[in-house]
Amino acid sequence: MSYKILIINPGSTSTKIGVYEDETQLMEETLRHSTEEIAQYDTIYDQKDFRKNVILDVLKEKGVNLSDINVVVGRGGLLKPIPGGTYATTPELLEDLKIGKQGQHASNLGGILASEIAAEINVPSYIVDPVVVDELQDVARISGHPNFERISIFHALNQKAVAKRYAKETGKAYEDLNLIVVHMGGGVSVGAHKNGAIIDVANALDGDGPFSPERSGGLPSGALMKLCFSGKYTQAEVAKMINGNGGFNAYLGTNDMRDVVKLAEKDEKAKLVMDAFHYQLAKEIGSMAVVLGGKVDQIILTGGIAYNAITQEYFKDTVSFLAPITIYPGEDELLALAQGALRVMTGEEEAKVY
């Protein structure tokens, strides 16, 4: 039996939707929301009906019959820390999405919208591997001071999806593999996957770890402390330095790796910044190899920057001695969400309860 899946992935100023039959895409649309439209609503949750109506209108316009849909899946939001997997949209989960258990973000609406639309057509609804997936081993939570516990917020959906893709393509179980997954997009995260759990990864939401096109990474703590108390910047301005205006944006005024490559061809500073980006990621890969006891089955490069030939060659030259490298460029979130729902519908996995 095949399954038709409706996928809902809300972002701050857009909502991506897709319809899949198993893993085959039948439709994909990015619904743009203007600043004026979003500004009408005081909270993320207040946008729910507006976004729902836009989704339903576009589905009708595209000739999608909701009675043909077997399951609805939404992007997970800032819930409490949970293990990876596909979760049923229970009342407890929906309430924590509504209140924003770990913060307010448009992705919190994913599960809520999925649940409401699914209820109207009497089919199940789920979320898959939200950013708050937390499978850290206890030793990885210690930061160096009890006031600052390391937490796990990162690109869990894509990391889990490519790890399971590699396992499937090689005829192995994800739970039997040790993998290092390197996600490279606007933010970056490097995860140590051991026997089906991501036992160490930096908090990519706060821009920890290596720097990225938009995030500053782990900054020198003394200098950061002095800047925060200098009186020159507000908390919001410092936060933007760390996440949004950091990394390539801060050094080169662009968050596009393609622009960085062009600049690096003629500008020594740009080349140095690009080299430092690769260098920091390679160091992080080495650290995760130690976390895995040196027993690494595969290093997986993913995210938009994984398309870049210079990046590919750099890691082949510097870290391939640790393990072979597989490259899955891009980040197909809609497909990853569809696959998560499909694993439950086909009985490959059981849905988890929040």
# chains A, B, ... in the order shown; residues from 1 in each chain; ligands from 1

$ residues_around --residues "range 36-43 of chain A" --least-positions-apart "3" --cutoff "10 Å" --atoms "only C-alpha atoms" --output "ChimeraX atom specification"
/A:12-14,32-33,46-48,50-51,98-99,104-106

$ residues_around --residues "range 134-146 of chain A" --least-positions-apart "3" --cutoff "9 Å" --atoms "only C-alpha atoms" --output "list in words"
Pro81, Ile82, Pro83, Gly84, Val131, Glu149, Arg150, Ile151, Ser152, Ile153, Ala197, Ile198, Ile199, Asp200 and Val201 of chain A

$ residues_around --residues "range 127-130 of chain A" --least-positions-apart "3" --cutoff "10 Å" --atoms "only C-alpha atoms" --output "JSON, numbers by chain"
{"A": [7, 8, 72, 73, 74, 75, 76, 77, 78, 79, 81, 82, 83, 84, 85, 86, 87, 88, 89, 93, 107, 108, 110, 111, 112, 114, 115, 133, 134, 153, 154, 155, 156, 157, 158, 159, 160, 161, 336, 337, 338, 339, 340, 341, 351, 352]}

$ residues_around --residues "Leu179 in chain A" --least-positions-apart "4" --cutoff "9 Å" --atoms "only C-alpha atoms" --output "ChimeraX atom specification"
/A:163,191-195,289,292,295-300

$ write_last_selection --atoms "C-alpha atoms" --output "PDB file, in the first residue's frame"
ATOM      1  CA  ALA A 163      22.330   9.069   8.690  1.00  0.00           C
ATOM      2  CA  GLY A 191      27.032  15.295  15.407  1.00  0.00           C
ATOM      3  CA  ALA A 192      28.558  12.092  16.764  1.00  0.00           C
ATOM      4  CA  HIS A 193      26.039   9.325  15.996  1.00  0.00           C
ATOM      5  CA  LYS A 194      26.681   6.186  18.023  1.00  0.00           C
ATOM      6  CA  ASN A 195      24.389   3.175  17.697  1.00  0.00           C
ATOM      7  CA  ALA A 289      36.069  11.016  16.193  1.00  0.00           C
ATOM      8  CA  LEU A 292      33.431   7.775  19.111  1.00  0.00           C
ATOM      9  CA  LYS A 295      35.772   3.907  15.545  1.00  0.00           C
ATOM     10  CA  VAL A 296      34.049   5.883  12.794  1.00  0.00           C
ATOM     11  CA  ASP A 297      32.252   4.021  10.008  1.00  0.00           C
ATOM     12  CA  GLN A 298      31.559   7.072   7.847  1.00  0.00           C
ATOM     13  CA  ILE A 299      31.749  10.860   7.765  1.00  0.00           C
ATOM     14  CA  ILE A 300      28.709  12.402   6.080  1.00  0.00           C
TER      15      ILE A 300
END

$ select_by_dssp --residues "range 6-188 of chain A" --states "helix (DSSP H, G or I)" --output "MDAnalysis selection string"
chainID A and resid 35:39 45:61 66:68 91:99 108:121 138:141 156:169 174:176

$ decode --residues "range 336-352 of chain A" --atoms "all heavy atoms" --output "mmCIF file, in the first residue's frame"
data_model
loop_
_atom_site.group_PDB
_atom_site.id
_atom_site.type_symbol
_atom_site.label_atom_id
_atom_site.label_comp_id
_atom_site.auth_asym_id
_atom_site.auth_seq_id
_atom_site.Cartn_x
_atom_site.Cartn_y
_atom_site.Cartn_z
ATOM 1 N N ALA A 336 12.466 14.549 4.299
ATOM 2 C CA ALA A 336 12.823 13.974 5.602
ATOM 3 C C ALA A 336 11.589 13.814 6.485
ATOM 4 O O ALA A 336 11.436 12.808 7.192
ATOM 5 C CB ALA A 336 13.862 14.850 6.295
ATOM 6 N N LEU A 337 10.690 14.807 6.450
ATOM 7 C CA LEU A 337 9.455 14.710 7.224
ATOM 8 C C LEU A 337 8.558 13.600 6.678
ATOM 9 O O LEU A 337 7.961 12.832 7.439
ATOM 10 C CB LEU A 337 8.717 16.046 7.204
ATOM 11 C CG LEU A 337 9.392 17.186 7.994
ATOM 12 C CD1 LEU A 337 8.758 18.532 7.645
ATOM 13 C CD2 LEU A 337 9.320 16.938 9.488
ATOM 14 N N ALA A 338 8.481 13.503 5.356
ATOM 15 C CA ALA A 338 7.674 12.445 4.751
ATOM 16 C C ALA A 338 8.218 11.070 5.135
ATOM 17 O O ALA A 338 7.447 10.155 5.473
ATOM 18 C CB ALA A 338 7.667 12.605 3.226
ATOM 19 N N GLN A 339 9.537 10.920 5.105
ATOM 20 C CA GLN A 339 10.145 9.632 5.443
ATOM 21 C C GLN A 339 9.884 9.258 6.893
ATOM 22 O O GLN A 339 9.661 8.086 7.207
ATOM 23 C CB GLN A 339 11.650 9.689 5.171
ATOM 24 C CG GLN A 339 11.993 9.728 3.692
ATOM 25 C CD GLN A 339 13.464 10.029 3.425
ATOM 26 O OE1 GLN A 339 14.127 10.707 4.224
ATOM 27 N NE2 GLN A 339 13.972 9.563 2.321
ATOM 28 N N GLY A 340 9.898 10.254 7.786
ATOM 29 C CA GLY A 340 9.633 9.979 9.193
ATOM 30 C C GLY A 340 8.225 9.450 9.410
ATOM 31 O O GLY A 340 8.009 8.490 10.153
ATOM 32 N N ALA A 341 7.257 10.085 8.741
ATOM 33 C CA ALA A 341 5.879 9.615 8.844
ATOM 34 C C ALA A 341 5.721 8.242 8.201
ATOM 35 O O ALA A 341 5.017 7.365 8.726
ATOM 36 C CB ALA A 341 4.941 10.616 8.180
ATOM 37 N N LEU A 342 6.395 8.052 7.074
ATOM 38 C CA LEU A 342 6.277 6.790 6.339
ATOM 39 C C LEU A 342 6.813 5.615 7.152
ATOM 40 O O LEU A 342 6.241 4.517 7.122
ATOM 41 C CB LEU A 342 7.027 6.907 5.007
ATOM 42 C CG LEU A 342 6.797 5.804 3.976
ATOM 43 C CD1 LEU A 342 5.318 5.747 3.578
ATOM 44 C CD2 LEU A 342 7.675 6.049 2.752
ATOM 45 N N ARG A 343 7.895 5.844 7.896
ATOM 46 C CA ARG A 343 8.449 4.758 8.708
ATOM 47 C C ARG A 343 7.438 4.258 9.739
ATOM 48 O O ARG A 343 7.389 3.063 10.045
ATOM 49 C CB ARG A 343 9.739 5.222 9.401
ATOM 50 C CG ARG A 343 10.931 5.357 8.473
ATOM 51 C CD ARG A 343 12.238 5.542 9.235
ATOM 52 N NE ARG A 343 12.312 6.806 9.926
ATOM 53 C CZ ARG A 343 12.817 7.919 9.400
ATOM 54 N NH1 ARG A 343 13.279 7.928 8.165
ATOM 55 N NH2 ARG A 343 12.872 9.045 10.115
ATOM 56 N N VAL A 344 6.637 5.178 10.248
ATOM 57 C CA VAL A 344 5.600 4.787 11.207
ATOM 58 C C VAL A 344 4.429 4.115 10.496
ATOM 59 O O VAL A 344 3.917 3.076 10.934
ATOM 60 C CB VAL A 344 5.120 6.007 12.018
ATOM 61 C CG1 VAL A 344 3.854 5.673 12.808
ATOM 62 C CG2 VAL A 344 6.218 6.470 12.965
ATOM 63 N N MET A 345 3.992 4.673 9.383
ATOM 64 C CA MET A 345 2.831 4.131 8.671
ATOM 65 C C MET A 345 3.090 2.718 8.152
ATOM 66 O O MET A 345 2.173 1.898 8.087
ATOM 67 C CB MET A 345 2.444 5.057 7.511
ATOM 68 C CG MET A 345 2.029 6.463 7.929
ATOM 69 S SD MET A 345 0.567 6.521 8.994
ATOM 70 C CE MET A 345 -0.724 6.145 7.800
ATOM 71 N N THR A 346 4.338 2.437 7.791
ATOM 72 C CA THR A 346 4.672 1.105 7.254
ATOM 73 C C THR A 346 5.062 0.118 8.344
ATOM 74 O O THR A 346 5.308 -1.057 8.050
ATOM 75 C CB THR A 346 5.827 1.207 6.246
ATOM 76 O OG1 THR A 346 6.978 1.771 6.896
ATOM 77 C CG2 THR A 346 5.432 2.063 5.050
ATOM 78 N N GLY A 347 5.151 0.597 9.587
ATOM 79 C CA GLY A 347 5.511 -0.296 10.686
ATOM 80 C C GLY A 347 6.997 -0.480 10.883
ATOM 81 O O GLY A 347 7.434 -1.275 11.729
ATOM 82 N N GLU A 348 7.813 0.270 10.144
ATOM 83 C CA GLU A 348 9.261 0.178 10.316
ATOM 84 C C GLU A 348 9.678 0.710 11.682
ATOM 85 O O GLU A 348 10.622 0.215 12.295
ATOM 86 C CB GLU A 348 9.960 0.978 9.204
ATOM 87 C CG GLU A 348 11.482 0.894 9.239
ATOM 88 C CD GLU A 348 12.148 1.708 8.141
ATOM 89 O OE1 GLU A 348 11.481 1.987 7.117
ATOM 90 O OE2 GLU A 348 13.336 2.051 8.297
ATOM 91 N N GLU A 349 8.978 1.744 12.156
ATOM 92 C CA GLU A 349 9.201 2.303 13.482
ATOM 93 C C GLU A 349 7.846 2.476 14.179
ATOM 94 O O GLU A 349 6.814 2.603 13.518
ATOM 95 C CB GLU A 349 9.896 3.670 13.411
ATOM 96 C CG GLU A 349 11.300 3.648 12.906
ATOM 97 C CD GLU A 349 11.918 5.048 12.858
ATOM 98 O OE1 GLU A 349 11.280 5.997 13.390
ATOM 99 O OE2 GLU A 349 13.013 5.189 12.300
ATOM 100 N N GLU A 350 7.896 2.546 15.489
ATOM 101 C CA GLU A 350 6.696 2.884 16.251
ATOM 102 C C GLU A 350 6.695 4.375 16.551
ATOM 103 O O GLU A 350 7.744 4.949 16.837
ATOM 104 C CB GLU A 350 6.653 2.105 17.573
ATOM 105 C CG GLU A 350 6.303 0.645 17.414
ATOM 106 C CD GLU A 350 6.058 -0.023 18.753
ATOM 107 O OE1 GLU A 350 5.871 0.695 19.769
ATOM 108 O OE2 GLU A 350 6.051 -1.263 18.794
ATOM 109 N N ALA A 351 5.526 4.969 16.485
ATOM 110 C CA ALA A 351 5.423 6.381 16.869
ATOM 111 C C ALA A 351 5.718 6.540 18.351
ATOM 112 O O ALA A 351 5.285 5.727 19.178
ATOM 113 C CB ALA A 351 4.028 6.913 16.558
ATOM 114 N N LYS A 352 6.480 7.572 18.667
ATOM 115 C CA LYS A 352 6.801 7.832 20.062
ATOM 116 C C LYS A 352 5.753 8.747 20.684
ATOM 117 O O LYS A 352 5.068 9.503 19.991
ATOM 118 C CB LYS A 352 8.193 8.456 20.175
ATOM 119 C CG LYS A 352 9.293 7.485 19.746
ATOM 120 C CD LYS A 352 10.679 8.046 20.002
ATOM 121 C CE LYS A 352 11.746 7.005 19.669
ATOM 122 N NZ LYS A 352 13.098 7.509 19.899
#
